[in-house]
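Visitor: Just coords_26.cif, nothing more (mmCIF, C-alpha atoms and all ligand atoms):
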data_query
#
loop_
_atom_site.label_atom_id
_atom_site.label_comp_id
_atom_site.auth_asym_id
_atom_site.auth_seq_id
_atom_site.Cartn_x
_atom_site.Cartn_y
_atom_site.Cartn_z
CA MET K 1 -11.09 0.49 21.96
CA THR K 2 -14.84 0.26 22.52
CA LYS K 3 -17.20 -1.19 19.92
CA LYS K 4 -19.66 0.84 17.92
CA ARG K 5 -22.34 -0.05 15.40
CA ASN K 6 -21.47 -2.52 12.64
CA GLY K 7 -18.97 -4.00 15.07
CA LEU K 8 -16.54 -1.31 13.91
CA PRO K 9 -14.03 -0.44 16.64
CA ARG K 10 -13.99 3.21 17.64
CA LEU K 11 -10.93 5.00 16.30
CA PRO K 12 -9.88 8.33 17.80
CA HIS K 13 -8.33 9.39 14.45
CA LEU K 14 -7.54 7.90 11.05
CA LEU K 15 -3.88 8.72 10.53
CA GLY K 16 -2.73 5.70 8.55
CA ILE K 17 -3.44 2.13 7.52
CA GLU K 18 -0.35 0.72 9.24
CA GLY K 19 -1.34 -1.14 12.37
CA LEU K 20 -5.08 -1.40 11.64
CA ALA K 21 -6.65 -4.79 12.34
CA PRO K 22 -8.16 -6.74 9.39
CA ASP K 23 -11.59 -6.42 11.05
CA THR K 24 -11.28 -2.64 11.17
CA VAL K 25 -10.41 -2.50 7.47
CA SER K 26 -13.28 -4.86 6.56
CA GLY K 27 -15.64 -2.94 8.85
CA LEU K 28 -14.78 0.37 7.16
CA LEU K 29 -15.19 -1.22 3.71
CA ASP K 30 -18.57 -2.72 4.68
CA LEU K 31 -19.75 0.64 6.00
CA SER K 32 -18.54 2.32 2.78
CA GLU K 33 -20.44 -0.24 0.74
CA SER K 34 -23.63 0.80 2.50
CA TYR K 35 -23.25 4.35 1.14
CA ILE K 36 -22.85 3.46 -2.54
CA GLY K 37 -26.59 3.02 -3.13
CA GLN K 38 -27.39 6.28 -1.34
CA ASN K 39 -24.86 8.12 -3.49
CA ARG K 40 -26.41 6.71 -6.66
CA SER K 41 -29.94 7.70 -5.68
CA LEU K 42 -31.57 11.06 -6.32
CA ASP K 43 -31.81 11.89 -2.63
CA LYS K 44 -28.19 11.71 -1.53
CA ARG K 45 -28.47 13.43 1.83
CA ARG K 46 -28.73 11.91 5.30
CA ASP K 47 -28.90 13.73 8.63
CA LEU K 48 -26.38 11.62 10.48
CA LEU K 49 -23.94 14.50 10.99
CA THR K 50 -26.38 17.39 11.23
CA GLY K 51 -24.97 20.03 13.58
CA ARG K 52 -21.44 18.67 13.27
CA THR K 53 -18.59 20.72 11.82
CA VAL K 54 -15.95 19.30 9.51
CA ILE K 55 -12.94 21.47 8.64
CA ASN K 56 -10.87 20.65 5.55
CA LEU K 57 -7.36 21.98 6.11
CA PHE K 58 -5.26 21.47 2.99
CA PHE K 59 -1.65 22.67 2.95
CA GLU K 60 -1.10 21.05 -0.47
CA ASN K 61 -2.97 21.28 -3.73
CA SER K 62 -5.77 18.81 -4.18
CA THR K 63 -8.74 18.46 -6.47
CA ARG K 64 -10.34 15.10 -5.96
CA THR K 65 -9.49 14.40 -2.33
CA ARG K 66 -10.67 17.76 -1.00
CA THR K 67 -13.81 17.77 -3.12
CA SER K 68 -14.51 14.17 -2.18
CA PHE K 69 -14.30 14.91 1.57
CA GLU K 70 -16.51 17.96 1.10
CA VAL K 71 -19.14 16.02 -0.85
CA ALA K 72 -18.99 13.18 1.69
CA ALA K 73 -19.45 15.46 4.71
CA LYS K 74 -22.29 17.40 3.06
CA ARG K 75 -24.11 14.21 2.09
CA LEU K 76 -24.12 13.31 5.78
CA GLY K 77 -25.54 16.72 6.69
CA ALA K 78 -22.41 18.23 8.29
CA ASP K 79 -21.34 21.87 8.00
CA VAL K 80 -18.11 21.96 6.02
CA ILE K 81 -15.48 24.67 6.12
CA ASN K 82 -12.67 24.61 3.57
CA MET K 83 -9.60 26.40 4.88
CA GLU K 84 -7.49 27.67 2.06
CA VAL K 85 -3.96 27.72 3.37
CA ALA K 86 -2.89 30.10 0.61
CA SER K 87 -5.12 32.76 2.17
CA SER K 88 -4.76 31.73 5.82
CA SER K 89 -2.45 32.88 8.64
CA VAL K 90 -0.15 29.96 7.88
CA ARG K 91 1.17 32.14 5.08
CA LYS K 92 1.87 34.79 7.71
CA GLY K 93 4.21 32.43 9.55
CA GLU K 94 1.85 30.82 12.07
CA THR K 95 3.16 27.48 13.31
CA LEU K 96 1.25 24.25 12.81
CA LEU K 97 0.56 24.05 16.55
CA ASP K 98 -0.77 27.59 16.72
CA THR K 99 -3.07 26.70 13.85
CA ALA K 100 -4.21 23.67 15.86
CA MET K 101 -4.92 25.80 18.94
CA THR K 102 -6.92 28.28 16.89
CA LEU K 103 -8.97 25.55 15.26
CA ASN K 104 -9.53 23.81 18.62
CA ALA K 105 -11.12 26.98 19.92
CA MET K 106 -13.73 26.79 17.14
CA LEU K 107 -14.78 23.35 18.41
CA PRO K 108 -14.88 21.41 15.15
CA ASP K 109 -15.86 17.72 15.25
CA THR K 110 -13.52 16.47 12.55
CA LEU K 111 -10.43 17.95 10.94
CA VAL K 112 -9.35 16.59 7.55
CA VAL K 113 -5.72 17.48 6.92
CA ARG K 114 -3.35 17.25 3.97
CA HIS K 115 0.24 18.38 4.54
CA HIS K 116 3.47 18.23 2.55
CA GLU K 117 5.52 16.98 5.53
CA SER K 118 5.42 13.31 6.54
CA GLY K 119 4.28 13.15 10.17
CA ALA K 120 2.72 16.63 10.30
CA VAL K 121 -0.83 15.24 10.51
CA ASN K 122 0.13 12.93 13.41
CA LEU K 123 1.60 15.93 15.22
CA LEU K 124 -1.57 17.95 14.70
CA ALA K 125 -3.71 15.03 15.89
CA GLN K 126 -1.88 14.98 19.23
CA LYS K 127 -2.92 18.58 19.81
CA MET K 128 -6.47 18.52 18.45
CA LYS K 129 -9.47 17.84 20.63
CA CYS K 130 -11.45 16.47 17.69
CA ALA K 131 -11.00 13.52 15.35
CA VAL K 132 -8.35 13.99 12.67
CA ILE K 133 -8.32 12.28 9.27
CA ASN K 134 -5.09 12.16 7.30
CA ALA K 135 -5.82 13.19 3.71
CA GLY K 136 -2.17 12.60 2.76
CA ASP K 137 1.03 13.60 4.60
CA GLY K 138 4.22 13.93 2.57
CA GLN K 139 5.31 10.53 1.36
CA HIS K 140 4.03 8.78 4.47
CA GLU K 141 0.35 7.70 4.26
CA HIS K 142 -2.92 8.39 2.48
CA PRO K 143 -5.31 6.01 4.26
CA THR K 144 -8.60 6.94 2.56
CA GLN K 145 -6.99 6.42 -0.87
CA ALA K 146 -5.96 2.88 0.10
CA LEU K 147 -9.46 2.20 1.45
CA LEU K 148 -11.14 3.42 -1.72
CA ASP K 149 -8.74 1.36 -3.84
CA ALA K 150 -9.54 -1.69 -1.72
CA LEU K 151 -13.28 -1.08 -2.01
CA THR K 152 -12.98 -0.79 -5.81
CA ILE K 153 -11.01 -4.05 -6.01
CA ARG K 154 -13.25 -5.92 -3.56
CA ARG K 155 -16.39 -4.97 -5.49
CA ARG K 156 -14.86 -6.07 -8.80
CA ARG K 157 -13.16 -9.25 -7.58
CA GLY K 158 -15.28 -10.14 -4.54
CA LYS K 159 -12.23 -10.33 -2.27
CA LEU K 160 -8.77 -8.98 -1.56
CA GLU K 161 -7.18 -12.10 -0.14
CA GLY K 162 -4.93 -13.99 -2.51
CA LEU K 163 -4.96 -11.35 -5.28
CA LEU K 164 -1.67 -10.36 -6.92
CA VAL K 165 -1.35 -6.58 -7.13
CA ALA K 166 1.42 -4.65 -8.95
CA ILE K 167 2.02 -1.06 -7.80
CA CYS K 168 4.09 0.63 -10.48
CA GLY K 169 6.16 3.79 -10.87
CA ASP K 170 7.38 6.29 -8.30
CA ILE K 171 7.15 4.12 -5.18
CA LEU K 172 9.76 6.21 -3.34
CA HIS K 173 7.71 9.40 -3.11
CA SER K 174 4.26 7.83 -2.95
CA ARG K 175 2.08 7.86 0.16
CA VAL K 176 -0.53 6.05 -1.94
CA ALA K 177 1.89 3.14 -2.47
CA ARG K 178 2.75 2.99 1.23
CA SER K 179 -0.87 2.94 2.43
CA ASN K 180 -1.84 0.41 -0.23
CA ILE K 181 1.06 -1.88 0.67
CA HIS K 182 -0.02 -1.86 4.32
CA LEU K 183 -3.68 -2.47 3.51
CA LEU K 184 -3.09 -5.21 0.95
CA ASN K 185 -0.70 -7.01 3.31
CA ILE K 186 -3.17 -6.73 6.19
CA MET K 187 -5.90 -8.23 4.00
CA GLY K 188 -3.81 -11.10 2.64
CA ALA K 189 -3.15 -9.91 -0.92
CA ARG K 190 0.29 -10.28 -2.52
CA VAL K 191 2.03 -7.07 -3.54
CA ARG K 192 4.68 -6.37 -6.14
CA VAL K 193 6.30 -2.99 -6.54
CA VAL K 194 7.63 -2.21 -10.01
CA GLY K 195 9.82 0.72 -11.03
CA PRO K 196 13.37 1.92 -11.66
CA PRO K 197 15.86 1.44 -8.78
CA THR K 198 16.08 5.23 -8.37
CA LEU K 199 12.38 5.34 -7.44
CA MET K 200 12.45 2.50 -4.88
CA PRO K 201 12.63 3.29 -1.15
CA THR K 202 15.82 2.04 0.51
CA ASP K 203 13.76 0.02 3.01
CA VAL K 204 11.67 -1.65 0.29
CA ASP K 205 12.90 -5.12 1.32
CA ARG K 206 11.24 -4.67 4.70
CA MET K 207 7.85 -3.70 3.26
CA GLY K 208 6.58 -7.22 2.63
CA VAL K 209 6.57 -6.85 -1.16
CA GLU K 210 8.24 -8.43 -4.18
CA VAL K 211 10.48 -5.91 -5.97
CA HIS K 212 10.71 -5.76 -9.78
CA PHE K 213 12.75 -3.40 -11.88
CA ASN K 214 11.00 -4.13 -15.15
CA MET K 215 7.38 -4.23 -16.21
CA ARG K 216 7.65 -7.57 -18.05
CA THR K 217 8.34 -9.59 -14.90
CA GLY K 218 6.50 -7.19 -12.60
CA LEU K 219 3.17 -7.40 -14.42
CA LYS K 220 3.32 -11.14 -15.14
CA ASP K 221 0.00 -12.75 -14.14
CA VAL K 222 -1.13 -9.90 -11.92
CA ASP K 223 -4.83 -9.34 -11.12
CA ILE K 224 -4.47 -5.60 -10.56
CA VAL K 225 -2.16 -2.94 -12.02
CA MET K 226 -1.94 0.31 -10.00
CA MET K 227 -0.08 3.11 -11.74
CA LEU K 228 1.49 6.06 -9.91
CA ARG K 229 2.41 9.56 -11.04
CA LEU K 230 6.02 10.77 -10.93
CA GLN K 231 5.76 12.97 -7.81
CA THR K 232 8.09 15.65 -9.14
CA GLU K 233 7.08 18.08 -6.38
CA ARG K 234 8.82 15.79 -3.87
CA MET K 235 11.93 15.21 -5.99
CA GLN K 236 15.22 16.97 -5.48
CA GLY K 237 17.43 16.24 -8.45
CA THR K 238 16.92 13.86 -11.37
CA TYR K 239 15.42 10.42 -10.90
CA VAL K 240 14.66 9.44 -14.51
CA PRO K 241 16.83 10.06 -17.61
CA SER K 242 13.94 11.58 -19.62
CA ILE K 243 10.16 11.40 -19.74
CA SER K 244 10.17 9.59 -23.09
CA GLU K 245 12.58 6.97 -21.79
CA TYR K 246 10.54 6.58 -18.60
CA PHE K 247 7.40 6.04 -20.64
CA ARG K 248 9.18 3.52 -22.89
CA PHE K 249 10.28 1.36 -19.95
CA PHE K 250 7.67 2.01 -17.26
CA GLY K 251 4.66 3.67 -18.92
CA LEU K 252 1.66 1.34 -19.01
CA ASP K 253 0.48 0.53 -22.54
CA GLN K 254 -1.36 -2.36 -24.20
CA GLU K 255 1.93 -4.07 -25.05
CA LYS K 256 3.21 -4.19 -21.46
CA LEU K 257 -0.23 -5.19 -20.21
CA LYS K 258 -0.22 -8.37 -22.30
CA VAL K 259 1.62 -10.35 -19.60
CA ALA K 260 -0.94 -9.47 -16.89
CA LYS K 261 -4.09 -11.58 -16.41
CA PRO K 262 -6.44 -10.98 -19.37
CA ASP K 263 -9.02 -9.39 -17.05
CA ALA K 264 -6.51 -7.42 -14.94
CA LEU K 265 -7.94 -4.15 -13.61
CA ILE K 266 -6.13 -0.87 -14.29
CA MET K 267 -6.09 1.67 -11.46
CA HIS K 268 -4.64 5.14 -10.87
CA PRO K 269 -5.24 7.47 -7.89
CA GLY K 270 -5.05 10.54 -10.14
CA PRO K 271 -4.04 13.02 -11.26
CA MET K 272 -2.84 11.11 -14.33
CA ASN K 273 -0.03 12.23 -16.55
CA ARG K 274 -0.95 10.70 -19.90
CA GLY K 275 2.05 9.69 -21.96
CA VAL K 276 4.28 9.64 -18.85
CA GLU K 277 3.18 6.77 -16.58
CA ILE K 278 0.12 5.70 -18.57
CA ASP K 279 -1.00 5.62 -22.19
CA SER K 280 -4.41 7.12 -22.98
CA GLU K 281 -5.59 3.97 -24.72
CA VAL K 282 -5.14 2.00 -21.49
CA ALA K 283 -6.42 4.72 -19.16
CA ASP K 284 -9.64 5.03 -21.18
CA ASP K 285 -10.14 1.28 -21.78
CA LEU K 286 -13.70 0.90 -20.50
CA ASP K 287 -13.34 -2.86 -20.04
CA ARG K 288 -10.36 -2.70 -17.72
CA SER K 289 -9.79 0.79 -16.38
CA VAL K 290 -11.61 1.48 -13.08
CA ILE K 291 -10.12 4.93 -12.57
CA HIS K 292 -13.49 6.73 -12.45
CA GLU K 293 -14.96 4.05 -10.22
CA GLN K 294 -12.12 4.75 -7.76
CA VAL K 295 -13.27 8.38 -7.57
CA GLU K 296 -16.88 7.28 -6.95
CA MET K 297 -15.80 4.86 -4.22
CA GLY K 298 -13.78 7.68 -2.65
CA VAL K 299 -16.94 9.53 -1.61
CA ALA K 300 -18.46 6.40 -0.03
CA VAL K 301 -15.24 5.61 1.84
CA ARG K 302 -14.96 9.15 3.19
CA MET K 303 -18.59 9.06 4.36
CA ALA K 304 -17.80 5.83 6.20
CA CYS K 305 -14.67 7.30 7.79
CA LEU K 306 -16.52 10.44 8.89
CA GLU K 307 -19.26 8.29 10.38
CA ALA K 308 -16.81 6.00 12.12
CA LEU K 309 -14.84 8.85 13.69
CA ILE K 310 -17.37 11.49 14.45
CA GLY K 311 -18.38 11.54 18.07
CA THR K 312 -15.50 9.36 19.13
CA ARG K 313 -13.82 12.34 20.79
CA ARG K 314 -15.62 15.07 22.66
CA ASN K 315 -14.31 18.46 21.69
CA ALA K 316 -13.91 19.99 25.10
CA PRO K 317 -14.23 23.76 25.26
CA PRO K 318 -11.20 25.75 26.39
CA ASP K 319 -10.38 25.78 30.08
CA LEU K 320 -11.48 29.32 30.97
CA THR K 321 -9.66 29.33 34.30
CA THR K 322 -6.28 28.92 32.66
CA GLY K 323 -7.15 29.98 29.14
CA ALA K 324 -5.53 26.77 27.90
CA LEU K 325 -6.82 25.47 24.64
CA LEU K 326 -4.74 22.34 24.46
C1 LIG C 401 -2.42 11.21 -4.77
C2 LIG C 401 -1.82 12.03 -3.64
O1 LIG C 401 -2.12 13.21 -3.49
O2 LIG C 401 -1.03 11.46 -2.92
N1 LIG C 401 -3.56 11.75 -5.33
C3 LIG C 401 -4.78 11.70 -4.72
O3 LIG C 401 -4.92 11.84 -3.53
N2 LIG C 401 -5.81 11.45 -5.51
C4 LIG C 401 -1.41 10.82 -5.76
C5 LIG C 401 -0.71 11.90 -6.54
O4 LIG C 401 -0.77 13.08 -6.22
O5 LIG C 401 -0.06 11.54 -7.52
#
Would you put the structure from the file into structure tokens?

Guide:
Amino acid sequence: MTKKRNGLPRLPHLLGIEGLAPDTVSGLLDLSESYIGQNRSLDKRRDLLTGRTVINLFFENSTRTRTSFEVAAKRLGADVINMEVASSSVRKGETLLDTAMTLNAMLPDTLVVRHHESGAVNLLAQKMKCAVINAGDGQHEHPTQALLDALTIRRRRGKLEGLLVAICGDILHSRVARSNIHLLNIMGARVRVVGPPTLMPTDVDRMGVEVHFNMRTGLKDVDIVMMLRLQTERMQGTYVPSISEYFRFFGLDQEKLKVAKPDALIMHPGPMNRGVEIDSEVADDLDRSVIHEQVEMGVAVRMACLEALIGTRRNAPPDLTTGALL
């Protein structure tokens, strides 16, 4: 890896948090920090990516992540194309690799991909001639979410190291949990996962976390409480007896929060299901909930990731002698 500005190592793609060096994570967070002021000013646009093309390719529904990447790319001056899979050739049976070949031929600079299969984004990245950013693949990773969560925490607490973070709810199906566990471990925070046994991954003991099956012990003295949605779209069968019972035992409310540190921050990647994993009173508690701040930090983090990746790979035109695109 060669060095680029801010001492940030050049990354060919951003596919996950696993395996990143602490310096890379800090470098990306520092670069993100530098965009917060710009985003809060009236003139939000820079020309850093003028002439560059960013394609958002989302195979799964998304509101905040897709919009956030679009806003981020436009604020850096890039041309942004949103490919709606519902109206694309993927619906006509095109394979993922054929889609990659088609997109390669359009010479984009960055491809932002969300896909319902774990590993699909890595596969695409091997075939693309441009930088690829994983915007969430199955239950595997969602690196920019973990980075924006880390930025939110670091700005509020001044550090990540040594903090005690509880990630609560549907750990099994959550790419957000997985990316956060990697990042928090890399940066020296302590992680607890809290939820019913049915929603814990079988390899949870190897993830470098403390496992709790009830909120009373799981939230005790924590600095940060991260709540997760029940990812019903990834469930086959029944994982919780009923929604009301789930809320009673694992839904975050003021009562359960009492054992956490008095100034513990409340986080949620969204979309929230009020009355399922989180009570409205807690979600809207202006003193402790940083849920909207997470969304704001998301734009800054995605600007930093686009800056860090763009130009790291040259998108070579197709070989006209053989017609090969890959
Ligand atoms: C998360 C995701 O898609 O993994 N949401 C997000 O990116 N903001 C979490 C979720 O869908 O529950």

Visitor: Using all atoms listed in the file for the distances, tell me which of K:Asn122, K:Thr198, K:Ser289, K:Thr67 is nearest to ligand LIG 401 (chain C).

Guide: K:Thr67

Visitor: Which residue is closest to ligand LIG 401 (chain C)? Choose from K:Gly188, K:Gly195, K:Gly138, K:Pro9 and count only C-alpha atoms and all ligand atoms.

Guide: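 Looking only at the distances to ligand LIG 401 (chain C), the closest residue turns out to be K:Gly138.
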
Visitor: With only C-alpha atoms and all ligand atoms counted, collect every polymer residue having an atom within 10 Å of ligand LIG 401 (chain C); state the result as an MDAnalysis selection string.

Guide: chainID K and resid 60:66 68 114:116 135:146 170 173:177 227:233 268:273 294:295 298

Visitor: Would you mind listing what lies within 7 Å of segment 181-186 of chain K as a PDB file with C-alpha atoms, in the frame of the given file, with only C-alpha atoms counted and same-chain residues fewer than 6 positions away left out?

Guide:
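Saved the output as out_11.pdb:
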ATOM      1  CA  ILE K  17      -3.440   2.130   7.520  1.00  0.00           C
ATOM      2  CA  GLU K  18      -0.350   0.720   9.240  1.00  0.00           C
ATOM      3  CA  PRO K  22      -8.160  -6.740   9.390  1.00  0.00           C
ATOM      4  CA  ALA K 146      -5.960   2.880   0.100  1.00  0.00           C
TER       5      ALA K 146
END

Visitor: Choose the residue, out of K:Ile278, K:Thr102, K:Arg156, K:Pro241, that has the smallest atom-to-atom separation from Asp263 of chain K; count all atoms listed in the file.

Guide: K:Arg156

Visitor: Here is a test: counting all atoms listed in the file, which residue of K:Ala125, K:Phe213, K:Leu172, K:Ala260 is nearest to Leu15 of chain K?

Guide: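 So, comparing all the options, the nearest one is K:Ala125.
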
Visitor: Which distance in Å separates atom CA of Ala78 of chain K and atom CA of Gly51 of chain K, to one decimal?

Guide: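 Taking atom CA of Ala78 of chain K as the start and atom CA of Gly51 of chain K as the end point, the length is 6.1 Å.
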
Visitor: Report, in Å to a single decimal, how far apart atom CA of Glu70 of chain K and atom CA of Thr53 of chain K are.

Guide: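 So the answer is 11.3 Å.
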
Visitor: Which residue is closest to Glu281 of chain K? Choose from K:Leu252, K:Leu123, K:Val112, K:Val301 and count only C-alpha atoms.

Guide: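 Of K:Leu252, K:Leu123, K:Val112, K:Val301, the one nearest Glu281 of chain K, counting only C-alpha atoms, is K:Leu252.
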
Visitor: Choose the residue, out of K:Val299, K:Met235, K:Leu147, K:Ile171, that has the smallest atom-to-atom separation from Thr202 of chain K; count only C-alpha atoms.

Guide: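 Of K:Val299, K:Met235, K:Leu147, K:Ile171, the one nearest Thr202 of chain K is K:Ile171, counting only C-alpha atoms.
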
Visitor: Would you mind reading off the distance between atom CA of Arg40 of chain K and atom CA of Asn82 of chain K, one decimal, in Å?

Guide: 24.8 Å

Visitor: Around the point (-3.1, 18.2, 10.9), in the coordinates given by the file, pick out the residues reaching within 12 Å, counting only C-alpha atoms, and return them as a compact mmCIF listing (two decimals) with C-alpha atoms, keeping the file's coordinate frame.

Guide:
# COMPACT_ATOMS: atom_id res chain seq x y z
CA HIS K 13 -8.33 9.39 14.45
CA LEU K 14 -7.54 7.90 11.05
CA LEU K 15 -3.88 8.72 10.53
CA ILE K 55 -12.94 21.47 8.64
CA ASN K 56 -10.87 20.65 5.55
CA LEU K 57 -7.36 21.98 6.11
CA PHE K 58 -5.26 21.47 2.99
CA PHE K 59 -1.65 22.67 2.95
CA GLU K 60 -1.10 21.05 -0.47
CA THR K 95 3.16 27.48 13.31
CA LEU K 96 1.25 24.25 12.81
CA LEU K 97 0.56 24.05 16.55
CA ASP K 98 -0.77 27.59 16.72
CA THR K 99 -3.07 26.70 13.85
CA ALA K 100 -4.21 23.67 15.86
CA MET K 101 -4.92 25.80 18.94
CA LEU K 103 -8.97 25.55 15.26
CA ASN K 104 -9.53 23.81 18.62
CA THR K 110 -13.52 16.47 12.55
CA LEU K 111 -10.43 17.95 10.94
CA VAL K 112 -9.35 16.59 7.55
CA VAL K 113 -5.72 17.48 6.92
CA ARG K 114 -3.35 17.25 3.97
CA HIS K 115 0.24 18.38 4.54
CA HIS K 116 3.47 18.23 2.55
CA GLU K 117 5.52 16.98 5.53
CA SER K 118 5.42 13.31 6.54
CA GLY K 119 4.28 13.15 10.17
CA ALA K 120 2.72 16.63 10.30
CA VAL K 121 -0.83 15.24 10.51
CA ASN K 122 0.13 12.93 13.41
CA LEU K 123 1.60 15.93 15.22
CA LEU K 124 -1.57 17.95 14.70
CA ALA K 125 -3.71 15.03 15.89
CA GLN K 126 -1.88 14.98 19.23
CA LYS K 127 -2.92 18.58 19.81
CA MET K 128 -6.47 18.52 18.45
CA LYS K 129 -9.47 17.84 20.63
CA CYS K 130 -11.45 16.47 17.69
CA ALA K 131 -11.00 13.52 15.35
CA VAL K 132 -8.35 13.99 12.67
CA ILE K 133 -8.32 12.28 9.27
CA ASN K 134 -5.09 12.16 7.30
CA ALA K 135 -5.82 13.19 3.71
CA GLY K 136 -2.17 12.60 2.76
CA ASP K 137 1.03 13.60 4.60
CA GLY K 138 4.22 13.93 2.57

Visitor: If you count all atoms listed in the file, which residues fall within 7 Å of Leu219 of chain K, apart from same-chain ones fewer than 3 positions away, as a list of chain:residue names?

Guide: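 Using all atoms listed in the file, the neighbours found are K:Ala166, K:Met215, K:Arg216, K:Val222, K:Val259, K:Ala260.
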
Visitor: Supply segment 174-190 of chain K as an mmCIF file, in the frame of the given file, with N, CA, C and O atoms built in where the input has gaps.

Guide:
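Result went into part-v1.cif, see below:
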data_model
loop_
_atom_site.group_PDB
_atom_site.id
_atom_site.type_symbol
_atom_site.label_atom_id
_atom_site.label_comp_id
_atom_site.auth_asym_id
_atom_site.auth_seq_id
_atom_site.Cartn_x
_atom_site.Cartn_y
_atom_site.Cartn_z
ATOM 1 N N SER K 174 5.710 7.997 -2.947
ATOM 2 C CA SER K 174 4.260 7.830 -2.950
ATOM 3 C C SER K 174 3.659 7.373 -1.627
ATOM 4 O O SER K 174 3.873 6.252 -1.171
ATOM 5 N N ARG K 175 2.845 8.249 -1.031
ATOM 6 C CA ARG K 175 2.080 7.860 0.160
ATOM 7 C C ARG K 175 0.968 6.881 -0.207
ATOM 8 O O ARG K 175 0.523 6.085 0.606
ATOM 9 N N VAL K 176 0.508 6.972 -1.468
ATOM 10 C CA VAL K 176 -0.530 6.050 -1.940
ATOM 11 C C VAL K 176 0.033 4.626 -1.941
ATOM 12 O O VAL K 176 -0.620 3.674 -1.477
ATOM 13 N N ALA K 177 1.265 4.471 -2.442
ATOM 14 C CA ALA K 177 1.890 3.140 -2.470
ATOM 15 C C ALA K 177 2.021 2.599 -1.050
ATOM 16 O O ALA K 177 1.640 1.461 -0.763
ATOM 17 N N ARG K 178 2.521 3.435 -0.141
ATOM 18 C CA ARG K 178 2.750 2.990 1.230
ATOM 19 C C ARG K 178 1.442 2.528 1.904
ATOM 20 O O ARG K 178 1.383 1.454 2.493
ATOM 21 N N SER K 179 0.387 3.327 1.781
ATOM 22 C CA SER K 179 -0.870 2.940 2.430
ATOM 23 C C SER K 179 -1.458 1.689 1.769
ATOM 24 O O SER K 179 -2.002 0.815 2.452
ATOM 25 N N ASN K 180 -1.327 1.604 0.445
ATOM 26 C CA ASN K 180 -1.840 0.410 -0.230
ATOM 27 C C ASN K 180 -1.064 -0.844 0.154
ATOM 28 O O ASN K 180 -1.652 -1.908 0.332
ATOM 29 N N ILE K 181 0.255 -0.713 0.278
ATOM 30 C CA ILE K 181 1.060 -1.880 0.670
ATOM 31 C C ILE K 181 0.609 -2.375 2.047
ATOM 32 O O ILE K 181 0.373 -3.565 2.249
ATOM 33 N N HIS K 182 0.434 -1.451 2.980
ATOM 34 C CA HIS K 182 -0.020 -1.860 4.320
ATOM 35 C C HIS K 182 -1.375 -2.554 4.225
ATOM 36 O O HIS K 182 -1.569 -3.640 4.754
ATOM 37 N N LEU K 183 -2.322 -1.919 3.534
ATOM 38 C CA LEU K 183 -3.680 -2.470 3.510
ATOM 39 C C LEU K 183 -3.707 -3.845 2.824
ATOM 40 O O LEU K 183 -4.313 -4.795 3.330
ATOM 41 N N LEU K 184 -3.045 -3.944 1.688
ATOM 42 C CA LEU K 184 -3.090 -5.210 0.950
ATOM 43 C C LEU K 184 -2.418 -6.328 1.750
ATOM 44 O O LEU K 184 -2.894 -7.472 1.761
ATOM 45 N N ASN K 185 -1.336 -6.000 2.454
ATOM 46 C CA ASN K 185 -0.700 -7.010 3.310
ATOM 47 C C ASN K 185 -1.621 -7.415 4.458
ATOM 48 O O ASN K 185 -1.753 -8.595 4.773
ATOM 49 N N ILE K 186 -2.256 -6.428 5.077
ATOM 50 C CA ILE K 186 -3.170 -6.730 6.190
ATOM 51 C C ILE K 186 -4.278 -7.673 5.721
ATOM 52 O O ILE K 186 -4.688 -8.587 6.428
ATOM 53 N N MET K 187 -4.747 -7.470 4.485
ATOM 54 C CA MET K 187 -5.900 -8.230 4.000
ATOM 55 C C MET K 187 -5.511 -9.492 3.215
ATOM 56 O O MET K 187 -6.342 -10.133 2.586
ATOM 57 N N GLY K 188 -4.227 -9.818 3.222
ATOM 58 C CA GLY K 188 -3.810 -11.100 2.640
ATOM 59 C C GLY K 188 -3.627 -11.111 1.132
ATOM 60 O O GLY K 188 -3.617 -12.184 0.520
ATOM 61 N N ALA K 189 -3.488 -9.936 0.512
ATOM 62 C CA ALA K 189 -3.150 -9.910 -0.920
ATOM 63 C C ALA K 189 -1.635 -9.976 -1.058
ATOM 64 O O ALA K 189 -0.905 -9.756 -0.087
ATOM 65 N N ARG K 190 -1.164 -10.297 -2.264
ATOM 66 C CA ARG K 190 0.290 -10.280 -2.520
ATOM 67 C C ARG K 190 0.631 -9.024 -3.294
ATOM 68 O O ARG K 190 -0.078 -8.685 -4.246
#
